[in-house]
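Containing mmCIF, N, CA and C atoms: query.cif.
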```
data_target
loop_
_atom_site.label_atom_id
_atom_site.label_comp_id
_atom_site.auth_asym_id
_atom_site.auth_seq_id
_atom_site.Cartn_x
_atom_site.Cartn_y
_atom_site.Cartn_z
N MET A 1 -44.57 -16.93 -64.63
CA MET A 1 -44.41 -15.85 -63.70
C MET A 1 -45.79 -15.42 -63.18
N VAL A 2 -45.87 -15.15 -61.88
CA VAL A 2 -47.12 -14.74 -61.27
C VAL A 2 -47.25 -13.24 -61.35
N GLN A 3 -48.41 -12.78 -61.75
CA GLN A 3 -48.65 -11.35 -61.84
C GLN A 3 -49.68 -10.95 -60.79
N PHE A 4 -49.45 -9.82 -60.13
CA PHE A 4 -50.38 -9.28 -59.13
C PHE A 4 -51.00 -8.01 -59.67
N ARG A 5 -52.25 -7.85 -59.39
CA ARG A 5 -52.91 -6.61 -59.79
C ARG A 5 -52.52 -5.51 -58.84
N ARG A 6 -52.30 -4.34 -59.33
CA ARG A 6 -51.89 -3.19 -58.52
C ARG A 6 -52.96 -2.83 -57.48
N ASP A 7 -54.23 -2.93 -57.80
CA ASP A 7 -55.27 -2.55 -56.86
C ASP A 7 -55.31 -3.50 -55.66
N TRP A 8 -54.84 -4.72 -55.81
CA TRP A 8 -54.77 -5.67 -54.70
C TRP A 8 -53.82 -5.17 -53.63
N PHE A 9 -52.66 -4.64 -54.03
CA PHE A 9 -51.71 -4.08 -53.07
C PHE A 9 -52.29 -2.87 -52.37
N ALA A 10 -53.04 -2.06 -53.11
CA ALA A 10 -53.67 -0.88 -52.51
C ALA A 10 -54.70 -1.30 -51.47
N GLN A 11 -55.46 -2.34 -51.76
CA GLN A 11 -56.45 -2.84 -50.80
C GLN A 11 -55.78 -3.37 -49.53
N MET A 12 -54.68 -4.08 -49.69
CA MET A 12 -53.94 -4.59 -48.53
C MET A 12 -53.40 -3.44 -47.69
N ASP A 13 -52.95 -2.39 -48.35
CA ASP A 13 -52.44 -1.22 -47.64
C ASP A 13 -53.56 -0.55 -46.84
N LEU A 14 -54.75 -0.46 -47.40
CA LEU A 14 -55.90 0.12 -46.70
C LEU A 14 -56.28 -0.73 -45.49
N ILE A 15 -56.26 -2.03 -45.64
CA ILE A 15 -56.58 -2.93 -44.52
C ILE A 15 -55.57 -2.75 -43.39
N GLN A 16 -54.29 -2.64 -43.74
CA GLN A 16 -53.26 -2.45 -42.72
C GLN A 16 -53.45 -1.11 -42.01
N GLN A 17 -53.80 -0.07 -42.73
CA GLN A 17 -54.04 1.24 -42.11
C GLN A 17 -55.23 1.17 -41.14
N GLU A 18 -56.29 0.48 -41.55
CA GLU A 18 -57.47 0.34 -40.68
C GLU A 18 -57.13 -0.46 -39.41
N MET A 19 -56.33 -1.50 -39.55
CA MET A 19 -55.92 -2.29 -38.38
C MET A 19 -55.07 -1.46 -37.44
N ASN A 20 -54.15 -0.67 -37.97
CA ASN A 20 -53.32 0.21 -37.14
C ASN A 20 -54.18 1.21 -36.39
N ARG A 21 -55.19 1.76 -37.06
CA ARG A 21 -56.08 2.72 -36.41
C ARG A 21 -56.89 2.04 -35.30
N LEU A 22 -57.37 0.84 -35.55
CA LEU A 22 -58.12 0.10 -34.55
C LEU A 22 -57.25 -0.22 -33.32
N LEU A 23 -56.03 -0.68 -33.56
CA LEU A 23 -55.12 -1.00 -32.45
C LEU A 23 -54.75 0.26 -31.67
N ASP A 24 -54.55 1.38 -32.36
CA ASP A 24 -54.27 2.64 -31.67
C ASP A 24 -55.46 3.05 -30.80
N HIS A 25 -56.66 2.81 -31.29
CA HIS A 25 -57.86 3.14 -30.52
C HIS A 25 -57.90 2.32 -29.23
N PHE A 26 -57.66 1.02 -29.34
CA PHE A 26 -57.68 0.16 -28.14
C PHE A 26 -56.55 0.51 -27.18
N ALA A 27 -55.39 0.80 -27.70
CA ALA A 27 -54.25 1.13 -26.84
C ALA A 27 -54.46 2.45 -26.11
N GLY A 28 -55.19 3.38 -26.72
CA GLY A 28 -55.39 4.69 -26.11
C GLY A 28 -56.65 4.78 -25.26
N SER A 29 -57.50 3.76 -25.31
CA SER A 29 -58.75 3.85 -24.55
C SER A 29 -58.51 3.56 -23.07
N LYS A 30 -59.39 4.08 -22.26
CA LYS A 30 -59.28 3.92 -20.81
C LYS A 30 -59.73 2.52 -20.40
N PRO A 31 -59.19 2.03 -19.27
CA PRO A 31 -59.68 0.75 -18.76
C PRO A 31 -61.10 0.93 -18.24
N PRO A 32 -61.86 -0.14 -18.09
CA PRO A 32 -63.22 -0.01 -17.61
C PRO A 32 -63.25 0.60 -16.21
N GLN A 33 -64.25 1.41 -15.94
CA GLN A 33 -64.37 2.08 -14.66
C GLN A 33 -64.80 1.13 -13.55
N VAL A 34 -65.52 0.09 -13.88
CA VAL A 34 -65.99 -0.86 -12.88
C VAL A 34 -65.32 -2.19 -13.12
N ARG A 35 -64.78 -2.78 -12.06
CA ARG A 35 -64.12 -4.08 -12.17
C ARG A 35 -64.84 -5.04 -11.24
N PHE A 36 -65.23 -6.18 -11.75
CA PHE A 36 -65.95 -7.17 -10.96
C PHE A 36 -65.05 -8.36 -10.68
N SER A 37 -65.28 -8.99 -9.54
CA SER A 37 -64.48 -10.15 -9.17
C SER A 37 -64.95 -11.36 -9.98
N PRO A 38 -64.11 -12.39 -10.04
CA PRO A 38 -64.54 -13.61 -10.73
C PRO A 38 -65.70 -14.26 -10.00
N LEU A 39 -66.46 -15.07 -10.71
CA LEU A 39 -67.64 -15.70 -10.11
C LEU A 39 -67.28 -16.70 -9.02
N VAL A 40 -66.17 -17.40 -9.19
CA VAL A 40 -65.74 -18.40 -8.21
C VAL A 40 -64.51 -17.85 -7.51
N TRP A 41 -64.47 -17.99 -6.21
CA TRP A 41 -63.29 -17.48 -5.49
C TRP A 41 -62.63 -18.63 -4.75
N GLU A 42 -61.35 -18.48 -4.56
CA GLU A 42 -60.56 -19.46 -3.81
C GLU A 42 -59.83 -18.72 -2.71
N PRO A 43 -59.94 -19.22 -1.48
CA PRO A 43 -59.22 -18.55 -0.40
C PRO A 43 -57.71 -18.74 -0.54
N ALA A 44 -56.95 -17.76 -0.05
CA ALA A 44 -55.49 -17.83 -0.08
C ALA A 44 -55.02 -18.85 0.97
N ILE A 45 -53.96 -19.58 0.65
CA ILE A 45 -53.45 -20.63 1.53
C ILE A 45 -51.94 -20.47 1.69
N ASP A 46 -51.47 -20.58 2.95
CA ASP A 46 -50.04 -20.68 3.26
C ASP A 46 -49.79 -22.08 3.81
N VAL A 47 -48.69 -22.68 3.43
CA VAL A 47 -48.30 -23.99 3.95
C VAL A 47 -46.85 -23.89 4.38
N TYR A 48 -46.59 -24.27 5.64
CA TYR A 48 -45.20 -24.30 6.08
C TYR A 48 -44.97 -25.53 6.94
N GLU A 49 -43.70 -25.86 7.09
CA GLU A 49 -43.29 -27.08 7.79
C GLU A 49 -42.48 -26.72 9.02
N THR A 50 -42.76 -27.41 10.12
CA THR A 50 -41.94 -27.32 11.31
C THR A 50 -41.28 -28.69 11.49
N LYS A 51 -40.60 -28.86 12.61
CA LYS A 51 -39.90 -30.13 12.84
C LYS A 51 -40.87 -31.32 12.82
N ASP A 52 -42.03 -31.16 13.48
CA ASP A 52 -42.95 -32.29 13.62
C ASP A 52 -44.23 -32.16 12.82
N ASN A 53 -44.53 -30.97 12.29
CA ASN A 53 -45.83 -30.75 11.68
C ASN A 53 -45.74 -30.06 10.32
N LEU A 54 -46.81 -30.22 9.59
CA LEU A 54 -47.07 -29.44 8.40
C LEU A 54 -48.25 -28.55 8.78
N VAL A 55 -48.12 -27.24 8.59
CA VAL A 55 -49.16 -26.31 9.02
C VAL A 55 -49.76 -25.63 7.79
N VAL A 56 -51.10 -25.63 7.73
CA VAL A 56 -51.83 -24.99 6.64
C VAL A 56 -52.64 -23.85 7.25
N ILE A 57 -52.49 -22.65 6.69
CA ILE A 57 -53.28 -21.50 7.13
C ILE A 57 -54.09 -21.02 5.93
N VAL A 58 -55.40 -20.86 6.15
CA VAL A 58 -56.30 -20.47 5.07
C VAL A 58 -57.03 -19.19 5.47
N GLU A 59 -57.02 -18.23 4.57
CA GLU A 59 -57.69 -16.95 4.81
C GLU A 59 -59.13 -17.04 4.33
N VAL A 60 -60.06 -16.99 5.28
CA VAL A 60 -61.48 -17.10 4.97
C VAL A 60 -62.28 -16.01 5.68
N ALA A 61 -61.89 -14.77 5.50
CA ALA A 61 -62.57 -13.65 6.15
C ALA A 61 -64.04 -13.63 5.75
N GLY A 62 -64.89 -13.41 6.75
CA GLY A 62 -66.32 -13.32 6.49
C GLY A 62 -67.03 -14.66 6.41
N VAL A 63 -66.33 -15.76 6.62
CA VAL A 63 -66.95 -17.09 6.58
C VAL A 63 -67.16 -17.55 8.02
N LYS A 64 -68.37 -17.98 8.31
CA LYS A 64 -68.66 -18.49 9.64
C LYS A 64 -67.96 -19.83 9.83
N GLU A 65 -67.51 -20.06 11.05
CA GLU A 65 -66.83 -21.32 11.36
C GLU A 65 -67.71 -22.52 11.02
N SER A 66 -69.00 -22.39 11.25
CA SER A 66 -69.93 -23.50 10.98
C SER A 66 -70.09 -23.78 9.48
N ASP A 67 -69.67 -22.85 8.63
CA ASP A 67 -69.79 -23.02 7.17
C ASP A 67 -68.51 -23.55 6.53
N ILE A 68 -67.55 -23.99 7.34
CA ILE A 68 -66.26 -24.46 6.83
C ILE A 68 -66.15 -25.96 7.03
N ARG A 69 -65.72 -26.67 5.99
CA ARG A 69 -65.47 -28.11 6.07
C ARG A 69 -64.03 -28.38 5.65
N LEU A 70 -63.31 -29.15 6.45
CA LEU A 70 -61.93 -29.51 6.18
C LEU A 70 -61.84 -31.01 5.95
N MET A 71 -61.03 -31.43 4.98
CA MET A 71 -60.84 -32.84 4.70
C MET A 71 -59.39 -33.12 4.33
N VAL A 72 -58.89 -34.26 4.78
CA VAL A 72 -57.59 -34.74 4.37
C VAL A 72 -57.79 -36.14 3.83
N ASP A 73 -57.41 -36.35 2.58
CA ASP A 73 -57.55 -37.65 1.95
C ASP A 73 -56.20 -38.03 1.34
N GLN A 74 -55.51 -38.92 1.99
CA GLN A 74 -54.17 -39.36 1.60
C GLN A 74 -53.23 -38.15 1.50
N ASP A 75 -52.93 -37.69 0.29
CA ASP A 75 -51.97 -36.59 0.14
C ASP A 75 -52.63 -35.28 -0.29
N THR A 76 -53.94 -35.15 -0.06
CA THR A 76 -54.66 -33.95 -0.48
C THR A 76 -55.42 -33.33 0.69
N PHE A 77 -55.23 -32.01 0.86
CA PHE A 77 -55.97 -31.24 1.85
C PHE A 77 -57.02 -30.42 1.11
N THR A 78 -58.26 -30.45 1.60
CA THR A 78 -59.35 -29.71 0.97
C THR A 78 -60.09 -28.89 2.01
N ILE A 79 -60.36 -27.64 1.66
CA ILE A 79 -61.23 -26.79 2.47
C ILE A 79 -62.36 -26.34 1.57
N GLN A 80 -63.57 -26.38 2.09
CA GLN A 80 -64.70 -25.89 1.32
C GLN A 80 -65.72 -25.28 2.25
N GLY A 81 -66.54 -24.45 1.70
CA GLY A 81 -67.56 -23.78 2.49
C GLY A 81 -68.26 -22.74 1.66
N SER A 82 -68.81 -21.75 2.37
CA SER A 82 -69.56 -20.71 1.68
C SER A 82 -69.48 -19.42 2.47
N ARG A 83 -69.32 -18.33 1.74
CA ARG A 83 -69.33 -17.01 2.37
C ARG A 83 -70.57 -16.27 1.86
N SER A 84 -71.43 -15.89 2.80
CA SER A 84 -72.60 -15.12 2.40
C SER A 84 -72.19 -13.67 2.36
N LYS A 85 -72.62 -13.00 1.34
CA LYS A 85 -72.29 -11.59 1.17
C LYS A 85 -73.52 -10.80 1.58
N ALA A 86 -73.65 -10.58 2.87
CA ALA A 86 -74.81 -9.87 3.40
C ALA A 86 -74.67 -8.39 3.13
N LEU A 87 -75.52 -7.89 2.25
CA LEU A 87 -75.52 -6.48 1.91
C LEU A 87 -76.79 -5.83 2.44
N LYS A 88 -76.67 -4.62 2.90
CA LYS A 88 -77.85 -3.87 3.32
C LYS A 88 -78.67 -3.56 2.08
N THR A 89 -79.98 -3.73 2.21
CA THR A 89 -80.85 -3.48 1.07
C THR A 89 -81.58 -2.16 1.26
N GLY A 90 -82.19 -1.70 0.19
CA GLY A 90 -82.98 -0.49 0.26
C GLY A 90 -82.21 0.76 -0.10
N GLU A 91 -80.90 0.68 -0.17
CA GLU A 91 -80.09 1.84 -0.50
C GLU A 91 -79.53 1.69 -1.91
N LYS A 92 -79.69 2.71 -2.72
CA LYS A 92 -79.18 2.67 -4.09
C LYS A 92 -77.65 2.79 -4.04
N ARG A 93 -76.97 1.98 -4.84
CA ARG A 93 -75.51 1.98 -4.85
C ARG A 93 -74.98 2.10 -6.27
N ALA A 94 -73.87 2.74 -6.39
CA ALA A 94 -73.16 2.82 -7.66
C ALA A 94 -71.74 2.33 -7.39
N TYR A 95 -71.48 1.06 -7.70
CA TYR A 95 -70.17 0.47 -7.42
C TYR A 95 -69.12 1.02 -8.38
N HIS A 96 -67.94 1.27 -7.83
CA HIS A 96 -66.78 1.62 -8.64
C HIS A 96 -65.81 0.45 -8.70
N ARG A 97 -65.86 -0.39 -7.69
CA ARG A 97 -65.03 -1.59 -7.62
C ARG A 97 -65.80 -2.62 -6.82
N MET A 98 -65.83 -3.86 -7.31
CA MET A 98 -66.56 -4.92 -6.63
C MET A 98 -65.72 -6.19 -6.70
N GLU A 99 -64.92 -6.44 -5.67
CA GLU A 99 -63.97 -7.55 -5.70
C GLU A 99 -64.22 -8.59 -4.61
N ILE A 100 -65.00 -8.28 -3.60
CA ILE A 100 -65.22 -9.24 -2.51
C ILE A 100 -66.25 -10.26 -2.98
N ALA A 101 -65.77 -11.45 -3.19
CA ALA A 101 -66.63 -12.51 -3.71
C ALA A 101 -67.39 -13.19 -2.58
N GLY A 102 -68.56 -13.62 -2.89
CA GLY A 102 -69.35 -14.40 -1.96
C GLY A 102 -69.71 -15.72 -2.62
N GLY A 103 -70.42 -16.54 -1.88
CA GLY A 103 -70.86 -17.82 -2.43
C GLY A 103 -69.94 -18.95 -2.03
N PRO A 104 -70.17 -20.11 -2.64
CA PRO A 104 -69.40 -21.29 -2.26
C PRO A 104 -67.96 -21.23 -2.77
N PHE A 105 -67.09 -21.94 -2.06
CA PHE A 105 -65.70 -22.07 -2.48
C PHE A 105 -65.22 -23.47 -2.16
N LYS A 106 -64.20 -23.88 -2.87
CA LYS A 106 -63.54 -25.17 -2.61
C LYS A 106 -62.11 -25.03 -3.08
N ARG A 107 -61.19 -25.43 -2.23
CA ARG A 107 -59.77 -25.34 -2.58
C ARG A 107 -59.08 -26.61 -2.11
N SER A 108 -58.36 -27.27 -2.99
CA SER A 108 -57.61 -28.48 -2.67
C SER A 108 -56.15 -28.27 -3.02
N ILE A 109 -55.27 -28.77 -2.15
CA ILE A 109 -53.84 -28.71 -2.42
C ILE A 109 -53.22 -30.07 -2.12
N LYS A 110 -52.17 -30.38 -2.85
CA LYS A 110 -51.41 -31.60 -2.59
C LYS A 110 -50.47 -31.35 -1.42
N LEU A 111 -50.40 -32.31 -0.51
CA LEU A 111 -49.51 -32.20 0.63
C LEU A 111 -48.15 -32.77 0.26
N PRO A 112 -47.07 -32.15 0.72
CA PRO A 112 -45.74 -32.58 0.30
C PRO A 112 -45.22 -33.81 1.03
N MET A 113 -45.98 -34.32 2.01
CA MET A 113 -45.51 -35.47 2.77
C MET A 113 -46.68 -36.23 3.36
N ALA A 114 -46.41 -37.40 3.88
CA ALA A 114 -47.44 -38.20 4.52
C ALA A 114 -47.82 -37.58 5.86
N ILE A 115 -49.10 -37.68 6.20
CA ILE A 115 -49.65 -37.05 7.40
C ILE A 115 -50.24 -38.10 8.33
N ASP A 116 -50.09 -37.87 9.65
CA ASP A 116 -50.75 -38.70 10.66
C ASP A 116 -52.16 -38.16 10.82
N THR A 117 -53.13 -38.79 10.18
CA THR A 117 -54.49 -38.26 10.15
C THR A 117 -55.25 -38.39 11.47
N LYS A 118 -54.71 -39.13 12.42
CA LYS A 118 -55.41 -39.32 13.69
C LYS A 118 -55.22 -38.15 14.65
N ASN A 119 -54.21 -37.31 14.44
CA ASN A 119 -53.90 -36.25 15.40
C ASN A 119 -53.94 -34.85 14.79
N ILE A 120 -54.79 -34.63 13.82
CA ILE A 120 -54.91 -33.33 13.18
C ILE A 120 -55.67 -32.38 14.11
N LYS A 121 -55.21 -31.14 14.18
CA LYS A 121 -55.86 -30.11 14.99
C LYS A 121 -56.16 -28.90 14.11
N ALA A 122 -57.32 -28.29 14.30
CA ALA A 122 -57.69 -27.10 13.53
C ALA A 122 -58.25 -26.05 14.47
N SER A 123 -57.96 -24.78 14.14
CA SER A 123 -58.50 -23.66 14.92
C SER A 123 -58.91 -22.55 13.96
N TYR A 124 -59.80 -21.67 14.44
CA TYR A 124 -60.31 -20.57 13.64
C TYR A 124 -60.28 -19.30 14.47
N GLU A 125 -59.60 -18.27 13.95
CA GLU A 125 -59.52 -17.01 14.67
C GLU A 125 -59.26 -15.87 13.68
N ASP A 126 -60.00 -14.79 13.82
CA ASP A 126 -59.82 -13.58 13.01
C ASP A 126 -59.81 -13.85 11.50
N GLY A 127 -60.67 -14.74 11.03
CA GLY A 127 -60.77 -15.01 9.61
C GLY A 127 -59.71 -15.93 9.06
N LEU A 128 -58.92 -16.55 9.95
CA LEU A 128 -57.88 -17.49 9.52
C LEU A 128 -58.14 -18.86 10.12
N VAL A 129 -58.09 -19.87 9.27
CA VAL A 129 -58.16 -21.26 9.74
C VAL A 129 -56.73 -21.78 9.77
N GLU A 130 -56.33 -22.33 10.91
CA GLU A 130 -55.00 -22.94 11.02
C GLU A 130 -55.19 -24.42 11.26
N VAL A 131 -54.59 -25.23 10.41
CA VAL A 131 -54.69 -26.68 10.51
C VAL A 131 -53.28 -27.22 10.72
N VAL A 132 -53.09 -27.93 11.84
CA VAL A 132 -51.79 -28.53 12.16
C VAL A 132 -51.89 -30.01 11.82
N LEU A 133 -51.09 -30.41 10.85
CA LEU A 133 -51.07 -31.78 10.36
C LEU A 133 -49.77 -32.45 10.79
N PRO A 134 -49.83 -33.33 11.80
CA PRO A 134 -48.60 -33.99 12.24
C PRO A 134 -48.02 -34.86 11.12
N LYS A 135 -46.72 -34.79 10.98
CA LYS A 135 -46.04 -35.64 9.99
C LYS A 135 -46.15 -37.10 10.43
N ALA A 136 -46.33 -37.97 9.46
CA ALA A 136 -46.37 -39.40 9.76
C ALA A 136 -44.98 -39.86 10.16
N ARG A 137 -44.93 -40.61 11.19
CA ARG A 137 -43.64 -41.14 11.65
C ARG A 137 -43.21 -42.26 10.72
N SER A 138 -41.99 -42.19 10.26
CA SER A 138 -41.50 -43.28 9.43
C SER A 138 -41.12 -44.44 10.34
N GLY A 139 -41.24 -45.60 9.82
CA GLY A 139 -40.94 -46.79 10.61
C GLY A 139 -39.47 -46.93 10.95
N GLY A 140 -38.63 -46.19 10.27
CA GLY A 140 -37.20 -46.31 10.52
C GLY A 140 -36.66 -47.61 9.96
N ALA A 141 -35.43 -47.86 10.25
CA ALA A 141 -34.81 -49.10 9.76
C ALA A 141 -35.28 -50.26 10.62
N LEU A 142 -35.54 -51.34 10.01
CA LEU A 142 -35.99 -52.54 10.72
C LEU A 142 -35.06 -53.68 10.34
N ARG A 143 -34.49 -54.28 11.36
CA ARG A 143 -33.59 -55.40 11.11
C ARG A 143 -34.41 -56.69 11.07
N ILE A 144 -34.15 -57.47 10.07
CA ILE A 144 -34.88 -58.75 9.92
C ILE A 144 -33.86 -59.87 10.03
N ASP A 145 -34.13 -60.75 10.99
CA ASP A 145 -33.26 -61.91 11.17
C ASP A 145 -33.75 -63.05 10.29
N ILE A 146 -32.78 -63.77 9.75
CA ILE A 146 -33.10 -64.92 8.92
C ILE A 146 -32.96 -66.17 9.79
N ARG A 147 -34.01 -66.92 9.79
CA ARG A 147 -33.99 -68.17 10.56
C ARG A 147 -33.59 -69.32 9.64
N THR A 148 -32.82 -70.20 10.19
CA THR A 148 -32.41 -71.37 9.41
C THR A 148 -33.16 -72.59 9.93
N GLY A 149 -33.45 -73.48 9.04
CA GLY A 149 -34.05 -74.74 9.44
C GLY A 149 -35.46 -74.64 9.56
#
```

Represent the structure from my file as structure tokens, please.
Amino acid sequence: MVQFRRDWFAQMDLIQQEMNRLLDHFAGSKPPQVRFSPLVWEPAIDVYETKDNLVVIVEVAGVKESDIRLMVDQDTFTIQGSRSKALKTGEKRAYHRMEIAGGPFKRSIKLPMAIDTKNIKASYEDGLVEVVLPKARSGGALRIDIRTG
């Protein structure tokens, strides 16, 4: 038969009480007053399909058109570039919230269908890049005649 010392149970009870107090402290404490954005940011992307095209819209507010690169490689669409976070200097600031990320970004998504890469069109307006990707035309049914002799 295994015997336990009584003081061992008392020690376990004290540890449990301390853990409960610690968890109550964390549960009752306030969230941090300052929240910072992640170091790497990814622009938001919408993808929709029309009869003839697959359309990708990317939100890149504050990014110059010249700083954006678009690529389509087989079934993957990639946008990359950089947003400079130009801040006025010389003025002391006390941030309460800092969520607008700057710096380089890269975002790749898988395309749901084959694309005709020769006729892609892209435009940039009001911080949105719109890329129209024509669907690849399927060859359709092809009849093959068998020759004899």

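Nearest to A:Asp116 of all the residues A:Asn20, A:Tyr48, A:Lys135, A:Ile68 is A:Lys135, based on all atoms listed in the file.
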
Practice prompt. Scan for residues within 6.5 Å of the point (-51.0, -27.7, 11.3) in the coordinates of the file, using all atoms listed in the file, and reply as a PyMOL selection string.
Written response: chain A and resi 53-56+121+130-134

Keeping N, CA and C atoms for every residue in the selection just given, could you write it to a file as a tab-separated table (two decimals), keeping the file's coordinate frame?
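As written to disk, out.tsv reads:
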```
chain	number	residue	atom	x	y	z
A	53	ASN	N	-44.53	-30.97	12.29
A	53	ASN	CA	-45.83	-30.75	11.68
A	53	ASN	C	-45.74	-30.06	10.32
A	54	LEU	N	-46.81	-30.22	9.59
A	54	LEU	CA	-47.07	-29.44	8.40
A	54	LEU	C	-48.25	-28.55	8.78
A	55	VAL	N	-48.12	-27.24	8.59
A	55	VAL	CA	-49.16	-26.31	9.02
A	55	VAL	C	-49.76	-25.63	7.79
A	56	VAL	N	-51.10	-25.63	7.73
A	56	VAL	CA	-51.83	-24.99	6.64
A	56	VAL	C	-52.64	-23.85	7.25
A	121	LYS	N	-55.21	-31.14	14.18
A	121	LYS	CA	-55.86	-30.11	14.99
A	121	LYS	C	-56.16	-28.90	14.11
A	130	GLU	N	-56.33	-22.33	10.91
A	130	GLU	CA	-55.00	-22.94	11.02
A	130	GLU	C	-55.19	-24.42	11.26
A	131	VAL	N	-54.59	-25.23	10.41
A	131	VAL	CA	-54.69	-26.68	10.51
A	131	VAL	C	-53.28	-27.22	10.72
A	132	VAL	N	-53.09	-27.93	11.84
A	132	VAL	CA	-51.79	-28.53	12.16
A	132	VAL	C	-51.89	-30.01	11.82
A	133	LEU	N	-51.09	-30.41	10.85
A	133	LEU	CA	-51.07	-31.78	10.36
A	133	LEU	C	-49.77	-32.45	10.79
A	134	PRO	N	-49.83	-33.33	11.80
A	134	PRO	CA	-48.60	-33.99	12.24
A	134	PRO	C	-48.02	-34.86	11.12
```

Practice prompt. Would you list the contacts of A:Arg107 as a list in words, taking every protein, DNA or RNA residue within 6 Å and counting all atoms listed in the file, but skipping same-chain residues closer than 3 positions in sequence?
Written response: Phe77, Thr78, Ile79 and Gln80 of chain A

Practice prompt. Please write as JSON, numbers by chain the list of polymer residues whose atoms come within 8 Å of (-71.7, -18.6, -3.6), counting all atoms listed in the file and keeping to the coordinates of the file.
Written response: {"A": [39, 40, 41, 81, 82, 83, 84, 85, 101, 102, 103, 104, 105]}

Worksheet item: Mind checking DSSP for stretch 3-141 of chain A and telling me the helix (DSSP H, G or I) residues as an MDAnalysis selection string?
Response: chainID A and resid 6:28 65:67 117:119

Output for the residues just chosen: N, CA and C atoms as a tab-separated table (two decimals), in the coordinates of the input:
```tsv
chain	number	residue	atom	x	y	z
A	6	ARG	N	-52.30	-4.34	-59.33
A	6	ARG	CA	-51.89	-3.19	-58.52
A	6	ARG	C	-52.96	-2.83	-57.48
A	7	ASP	N	-54.23	-2.93	-57.80
A	7	ASP	CA	-55.27	-2.55	-56.86
A	7	ASP	C	-55.31	-3.50	-55.66
A	8	TRP	N	-54.84	-4.72	-55.81
A	8	TRP	CA	-54.77	-5.67	-54.70
A	8	TRP	C	-53.82	-5.17	-53.63
A	9	PHE	N	-52.66	-4.64	-54.03
A	9	PHE	CA	-51.71	-4.08	-53.07
A	9	PHE	C	-52.29	-2.87	-52.37
A	10	ALA	N	-53.04	-2.06	-53.11
A	10	ALA	CA	-53.67	-0.88	-52.51
A	10	ALA	C	-54.70	-1.30	-51.47
A	11	GLN	N	-55.46	-2.34	-51.76
A	11	GLN	CA	-56.45	-2.84	-50.80
A	11	GLN	C	-55.78	-3.37	-49.53
A	12	MET	N	-54.68	-4.08	-49.69
A	12	MET	CA	-53.94	-4.59	-48.53
A	12	MET	C	-53.40	-3.44	-47.69
A	13	ASP	N	-52.95	-2.39	-48.35
A	13	ASP	CA	-52.44	-1.22	-47.64
A	13	ASP	C	-53.56	-0.55	-46.84
A	14	LEU	N	-54.75	-0.46	-47.40
A	14	LEU	CA	-55.90	0.12	-46.70
A	14	LEU	C	-56.28	-0.73	-45.49
A	15	ILE	N	-56.26	-2.03	-45.64
A	15	ILE	CA	-56.58	-2.93	-44.52
A	15	ILE	C	-55.57	-2.75	-43.39
A	16	GLN	N	-54.29	-2.64	-43.74
A	16	GLN	CA	-53.26	-2.45	-42.72
A	16	GLN	C	-53.45	-1.11	-42.01
A	17	GLN	N	-53.80	-0.07	-42.73
A	17	GLN	CA	-54.04	1.24	-42.11
A	17	GLN	C	-55.23	1.17	-41.14
A	18	GLU	N	-56.29	0.48	-41.55
A	18	GLU	CA	-57.47	0.34	-40.68
A	18	GLU	C	-57.13	-0.46	-39.41
A	19	MET	N	-56.33	-1.50	-39.55
A	19	MET	CA	-55.92	-2.29	-38.38
A	19	MET	C	-55.07	-1.46	-37.44
A	20	ASN	N	-54.15	-0.67	-37.97
A	20	ASN	CA	-53.32	0.21	-37.14
A	20	ASN	C	-54.18	1.21	-36.39
A	21	ARG	N	-55.19	1.76	-37.06
A	21	ARG	CA	-56.08	2.72	-36.41
A	21	ARG	C	-56.89	2.04	-35.30
A	22	LEU	N	-57.37	0.84	-35.55
A	22	LEU	CA	-58.12	0.10	-34.55
A	22	LEU	C	-57.25	-0.22	-33.32
A	23	LEU	N	-56.03	-0.68	-33.56
A	23	LEU	CA	-55.12	-1.00	-32.45
A	23	LEU	C	-54.75	0.26	-31.67
A	24	ASP	N	-54.55	1.38	-32.36
A	24	ASP	CA	-54.27	2.64	-31.67
A	24	ASP	C	-55.46	3.05	-30.80
A	25	HIS	N	-56.66	2.81	-31.29
A	25	HIS	CA	-57.86	3.14	-30.52
A	25	HIS	C	-57.90	2.32	-29.23
A	26	PHE	N	-57.66	1.02	-29.34
A	26	PHE	CA	-57.68	0.16	-28.14
A	26	PHE	C	-56.55	0.51	-27.18
A	27	ALA	N	-55.39	0.80	-27.70
A	27	ALA	CA	-54.25	1.13	-26.84
A	27	ALA	C	-54.46	2.45	-26.11
A	28	GLY	N	-55.19	3.38	-26.72
A	28	GLY	CA	-55.39	4.69	-26.11
A	28	GLY	C	-56.65	4.78	-25.26
A	65	GLU	N	-67.51	-20.06	11.05
A	65	GLU	CA	-66.83	-21.32	11.36
A	65	GLU	C	-67.71	-22.52	11.02
A	66	SER	N	-69.00	-22.39	11.25
A	66	SER	CA	-69.93	-23.50	10.98
A	66	SER	C	-70.09	-23.78	9.48
A	67	ASP	N	-69.67	-22.85	8.63
A	67	ASP	CA	-69.79	-23.02	7.17
A	67	ASP	C	-68.51	-23.55	6.53
A	117	THR	N	-53.13	-38.79	10.18
A	117	THR	CA	-54.49	-38.26	10.15
A	117	THR	C	-55.25	-38.39	11.47
A	118	LYS	N	-54.71	-39.13	12.42
A	118	LYS	CA	-55.41	-39.32	13.69
A	118	LYS	C	-55.22	-38.15	14.65
A	119	ASN	N	-54.21	-37.31	14.44
A	119	ASN	CA	-53.90	-36.25	15.40
A	119	ASN	C	-53.94	-34.85	14.79
```

Worksheet item: If you apply the PyMOL selection byres ((chain A and resi 62) around 6.5) to this file, what residues do you get, as a list in words?
Response: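 So the PyMOL selection byres ((chain A and resi 62) around 6.5), applied here, picks out Val60, Ala61, Val63, Lys64, Arg83, Ser84 and Gly127 of chain A.
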
Worksheet item: What separation in Å, quoted to one decimal, exists between atom N of A:Tyr124 and atom C of A:Val47?
Response: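 Distance reported for this atom pair: 16.5 Å.
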
Discussion item. What does the structure give for the distance between atom CA of A:Ala27 and atom CA of A:Met98, in Å to one decimal?
Written reply: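 The value is 24.4 Å.
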